[in-house]
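Asker: Shown below is the structure under consideration.
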Amino acid sequence: MDPEVNSPPVVTRRLFPWVLLGLFVVALTILGFMYFRSRQNAGFVSGFVENPETLLSVTDNRTNIAFLGIGGGDHSAGDLTDSMMFISLDHQTHEISLLSVPRDIWVDTMVAKLNTAYHYGEQRREGGGLDLASSAISEVLGQPVHYALALDFAGFTQAIDLVGGVDIDVQAVLDDKLYPIPGKETAEPESDRYEHLFFDLGMTHMDGATALKFARSRHAEGDEGTDFARSRRQQQIIQAFQDKLLSSNTFLSLDTLQALLASFRSSLETNIQDDEFGGLLRFFLTYSKLDNSLDSFNLDELFLTPKNRSPYQGQWVLVPVNNWEEIHDHVAKNL
């Protein structure tokens with residue numbers, strides 16, 4: 001790890017782990033459908049029919065994946081990690097353990113927050129973001145990270161446009177007068193930094209850009225400004241996209257499928273190989289057929305915000321309440 005780095009501007013947006021898991025499965029599904037429909041990738045097909053445990057990297061019967069949500073777009077620090085999720089697949093029980101990793105954890109060996117790892121890895125070399133982020137997450141959790149994916153949420157909007165947009169039932173009026181405009185974070189007067197979002201009740205057709213705003217709005221009046229409301233809206237977007245993806249108009253159109261693949265390839269970065277994608281998709285299909293429960297846990301009570309921020313460049317950070325060994329033990333016991 002780089003021992004000396006300076007943290008870029010802090011971005012506070014994050015997506016809920018359940019939403020990230022949905023995006024993760026959507027990404028796998030799209031790539032799987034593309035490879036299968038095109039019939040041009042023997043590696044994926046062989047991976048899909050073989051035992052996933054024989055194809056994937058495994059430690060103690062588990063395959064661990066780091067899934068990163070990157071803000072993307074034109075706003076400042078667009079390659080900071082909005083959200084991070086640790087996904088552990090148990091090959092014996094076919095169960096999935098899910099852990100949302102707080103982005104503000106201070107990583108001692110980086111001298112920076114966890115959400116900057118991808119940023120600095122990319123600065124070091126192209127493709128280095130996944131490596132440094134995986135290494136940092138492994139250090140924090142005390143678990144190996146076998147694979148990593150980074151999804152540019154701005155690129156996800158292109159995929160929504162390719163399926164013709166999504167139809168969303170707006171269940172509560174959303175009135176947000178402080179939605180940040182990308183690229184205008186320092187504009188003057190301050191009012192020029194924001195746009196006014198308003199969504200009325202009822203079915204609303206949304207293109208990709210509109211859907212992303214609907215999902216990420218944070219400053220709406222009333223209950224719609226809460227994290228719970230954001231989570232619900234994000235789940236609606238993912239479900240609507242999945243419905244469009246699996247519709248006959250999309251699935252039977254090779255042109256649309258190929259365009260979706262190109263879109264996801266441009267917004268999804270991963271070190272997973274073709275045959276390994278097939279193995280992962282087979283694992284998730286087996287998981288869904290068995291109707292296993294999803295084991296989700298968190299680290300909330302094991303971290304605190306120190307009162308003295310001077311050792312952390314004055315930033316708001318999270319550090320262990322006691323020590324790293326306690327955190328590593330907690331993760332190991334919950335897997």
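Chain identifiers are assigned as A, B, and so on, following the order in which chains appear in the structure tokens; residues are numbered from 1 within each chain, and ligands are numbered from 1 in order of appearance.
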I need the residues in segment 185-311 of chain A that are alpha helix (DSSP H) according to DSSP; give them as a PyMOL selection string.
Answerer: chain A and resi 208-216+227-246+248-251+254-267+274-290
Asker: Name the residues in contact with Glu325 of chain A at a cut-off of 12 Å, using only C-alpha atoms, excluding same-chain residues fewer than 2 positions from it; report them as a PDB file with N, CA and C atoms, in the first residue's frame.
Answerer:
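The new file out-v5.pdb reads:
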ATOM      1  N   GLU A 139      -7.370  -5.841   4.274  1.00  0.00           N
ATOM      2  CA  GLU A 139      -6.698  -5.402   5.499  1.00  0.00           C
ATOM      3  C   GLU A 139      -7.698  -5.050   6.586  1.00  0.00           C
ATOM      4  N   VAL A 140      -8.757  -4.367   6.212  1.00  0.00           N
ATOM      5  CA  VAL A 140      -9.768  -3.947   7.188  1.00  0.00           C
ATOM      6  C   VAL A 140     -10.528  -5.141   7.758  1.00  0.00           C
ATOM      7  N   LEU A 141     -10.893  -6.094   6.904  1.00  0.00           N
ATOM      8  CA  LEU A 141     -11.755  -7.207   7.322  1.00  0.00           C
ATOM      9  C   LEU A 141     -10.985  -8.436   7.786  1.00  0.00           C
ATOM     10  N   GLY A 142      -9.713  -8.515   7.436  1.00  0.00           N
ATOM     11  CA  GLY A 142      -8.953  -9.706   7.788  1.00  0.00           C
ATOM     12  C   GLY A 142      -9.336 -10.921   6.974  1.00  0.00           C
ATOM     13  N   GLN A 143      -9.878 -10.704   5.780  1.00  0.00           N
ATOM     14  CA  GLN A 143     -10.311 -11.774   4.896  1.00  0.00           C
ATOM     15  C   GLN A 143      -9.719 -11.564   3.508  1.00  0.00           C
ATOM     16  N   LEU A 302     -18.450  -1.608  16.126  1.00  0.00           N
ATOM     17  CA  LEU A 302     -17.022  -1.861  16.322  1.00  0.00           C
ATOM     18  C   LEU A 302     -16.143  -0.684  15.920  1.00  0.00           C
ATOM     19  N   PRO A 320     -11.236   1.680  14.834  1.00  0.00           N
ATOM     20  CA  PRO A 320     -11.729   0.620  15.721  1.00  0.00           C
ATOM     21  C   PRO A 320     -11.970   1.112  17.147  1.00  0.00           C
ATOM     22  N   VAL A 321     -13.041   0.632  17.763  1.00  0.00           N
ATOM     23  CA  VAL A 321     -13.313   0.949  19.165  1.00  0.00           C
ATOM     24  C   VAL A 321     -12.185   0.414  20.038  1.00  0.00           C
ATOM     25  N   ASN A 322     -11.758  -0.804  19.739  1.00  0.00           N
ATOM     26  CA  ASN A 322     -10.690  -1.424  20.524  1.00  0.00           C
ATOM     27  C   ASN A 322      -9.460  -1.681  19.659  1.00  0.00           C
ATOM     28  N   ASN A 323      -9.537  -2.664  18.776  1.00  0.00           N
ATOM     29  CA  ASN A 323      -8.392  -2.996  17.934  1.00  0.00           C
ATOM     30  C   ASN A 323      -8.866  -3.730  16.686  1.00  0.00           C
ATOM     31  N   ILE A 327     -12.208  -6.712  15.156  1.00  0.00           N
ATOM     32  CA  ILE A 327     -12.973  -6.596  13.912  1.00  0.00           C
ATOM     33  C   ILE A 327     -12.781  -7.837  13.056  1.00  0.00           C
ATOM     34  N   HIS A 328     -11.557  -8.292  12.941  1.00  0.00           N
ATOM     35  CA  HIS A 328     -11.285  -9.493  12.150  1.00  0.00           C
ATOM     36  C   HIS A 328     -12.009 -10.706  12.726  1.00  0.00           C
ATOM     37  N   ASP A 329     -12.016 -10.834  14.047  1.00  0.00           N
ATOM     38  CA  ASP A 329     -12.714 -11.953  14.693  1.00  0.00           C
ATOM     39  C   ASP A 329     -14.218 -11.873  14.449  1.00  0.00           C
ATOM     40  N   HIS A 330     -14.765 -10.670  14.502  1.00  0.00           N
ATOM     41  CA  HIS A 330     -16.209 -10.474  14.293  1.00  0.00           C
ATOM     42  C   HIS A 330     -16.595 -10.894  12.877  1.00  0.00           C
ATOM     43  N   VAL A 331     -15.799 -10.505  11.903  1.00  0.00           N
ATOM     44  CA  VAL A 331     -16.089 -10.870  10.516  1.00  0.00           C
ATOM     45  C   VAL A 331     -16.003 -12.374  10.340  1.00  0.00           C
ATOM     46  N   ALA A 332     -14.937 -12.974  10.871  1.00  0.00           N
ATOM     47  CA  ALA A 332     -14.750 -14.415  10.711  1.00  0.00           C
ATOM     48  C   ALA A 332     -15.895 -15.204  11.341  1.00  0.00           C
TER      49      ALA A 332
END
Asker: If DSSP is run on the backbone, what residues of segment 66-272 of chain A are strand (DSSP E)? A reply as a short mmCIF file (atom, residue, chain, number, x, y, z; two decimals) with C-alpha atoms, in the first residue's frame would be ideal.
Answerer:
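The resulting file, result27.cif, is shown below:
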data_model
loop_
_atom_site.label_atom_id
_atom_site.label_comp_id
_atom_site.auth_asym_id
_atom_site.auth_seq_id
_atom_site.Cartn_x
_atom_site.Cartn_y
_atom_site.Cartn_z
CA ALA A 66 -15.47 -6.78 -3.31
CA PHE A 67 -18.15 -4.79 -5.12
CA LEU A 68 -17.49 -1.06 -5.46
CA GLY A 69 -19.94 1.64 -6.45
CA ILE A 70 -18.18 4.55 -8.17
CA THR A 81 -15.95 4.89 -3.93
CA ASP A 82 -19.52 5.80 -3.00
CA SER A 83 -20.25 2.38 -1.55
CA MET A 84 -18.43 -0.86 -0.81
CA MET A 85 -19.82 -4.32 -0.28
CA PHE A 86 -18.07 -7.55 0.71
CA ILE A 87 -19.81 -10.63 -0.70
CA SER A 88 -18.78 -14.08 0.55
CA LEU A 89 -20.03 -17.19 -1.25
CA ASP A 90 -20.08 -20.47 0.72
CA GLU A 95 -25.28 -19.39 1.19
CA ILE A 96 -24.24 -15.77 0.74
CA SER A 97 -22.89 -13.50 3.46
CA LEU A 98 -23.18 -9.80 2.82
CA LEU A 99 -21.30 -7.02 4.59
CA SER A 100 -21.56 -3.32 3.84
CA TRP A 106 -9.23 5.02 8.25
CA VAL A 107 -6.66 2.64 6.74
CA ALA A 112 -6.18 7.75 4.11
CA LYS A 113 -9.82 6.70 4.18
CA TYR A 147 -12.29 -10.81 -7.05
CA ALA A 148 -13.45 -7.23 -7.41
CA LEU A 149 -15.95 -5.31 -9.49
CA ALA A 150 -16.37 -1.57 -9.80
CA LEU A 151 -19.58 -0.18 -11.29
CA ASP A 152 -19.78 3.39 -12.50
CA VAL A 166 -38.12 2.53 -16.77
CA ASP A 167 -41.63 3.06 -15.40
CA ILE A 168 -41.66 3.92 -11.71
CA ASP A 169 -44.62 4.22 -9.37
CA VAL A 170 -43.72 7.31 -7.36
CA LEU A 174 -40.30 14.03 -3.79
CA ASP A 175 -39.32 17.70 -3.58
CA ASP A 176 -35.56 18.26 -3.44
CA LYS A 177 -34.28 21.80 -3.94
CA LEU A 178 -30.63 20.95 -3.26
CA TYR A 179 -29.69 18.25 -5.78
CA PRO A 180 -26.00 18.87 -6.67
CA TYR A 194 -28.08 22.88 -7.24
CA GLU A 195 -31.13 21.97 -9.31
CA HIS A 196 -34.69 21.56 -8.10
CA LEU A 197 -36.05 18.02 -8.41
CA PHE A 198 -39.77 17.35 -8.18
CA PHE A 199 -41.56 14.03 -8.68
CA GLY A 202 -48.13 8.12 -9.76
CA MET A 203 -46.53 6.19 -12.60
CA THR A 204 -43.65 8.12 -14.15
CA HIS A 205 -41.53 7.15 -17.13
CA MET A 206 -37.86 7.94 -16.48
CA LEU A 268 -18.11 -2.13 -15.19
CA GLU A 269 -14.50 -2.94 -14.36
CA THR A 270 -13.58 -6.34 -13.03
#
Asker: Quick check, in Å to one decimal: how far apart do atom CA of Asp60 of chain A and atom CA of Asn115 of chain A lie?
Answerer: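 So the answer is 27.7 Å.
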Asker: Which of these residues is nearest to Thr210 of chain A, using only C-alpha atoms: A:Ser247, A:Gln236, A:Thr226, A:Thr157?
Answerer: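 Of the candidates, the smallest distance to Thr210 of chain A is held by A:Thr157.
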Asker: Using only C-alpha atoms, find the one residue out of A:Arg230, A:Gly155, A:Glu122, A:Gln313 that sits nearest to Ser263 of chain A.
Answerer: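 Among the listed residues, A:Gly155 lies closest to Ser263 of chain A.
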Asker: Rounded to one decimal in Å, what is the spacing between atom CA of Thr93 of chain A and atom CA of Asn51 of chain A?
Answerer: 13.7 Å
Asker: Please, what distance in Å, to one decimal, runs between atom CA of Gly314 of chain A and atom CA of Tyr120 of chain A?
Answerer: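 So the answer is 19.3 Å.
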Asker: Would you pick out the contacts of Asn308 of chain A at 12 Å or less, using only C-alpha atoms, so that residues sharing its chain but fewer than 5 positions from it are not included, and give the list as a PyMOL selection string?
Answerer: chain A and resi 313-319
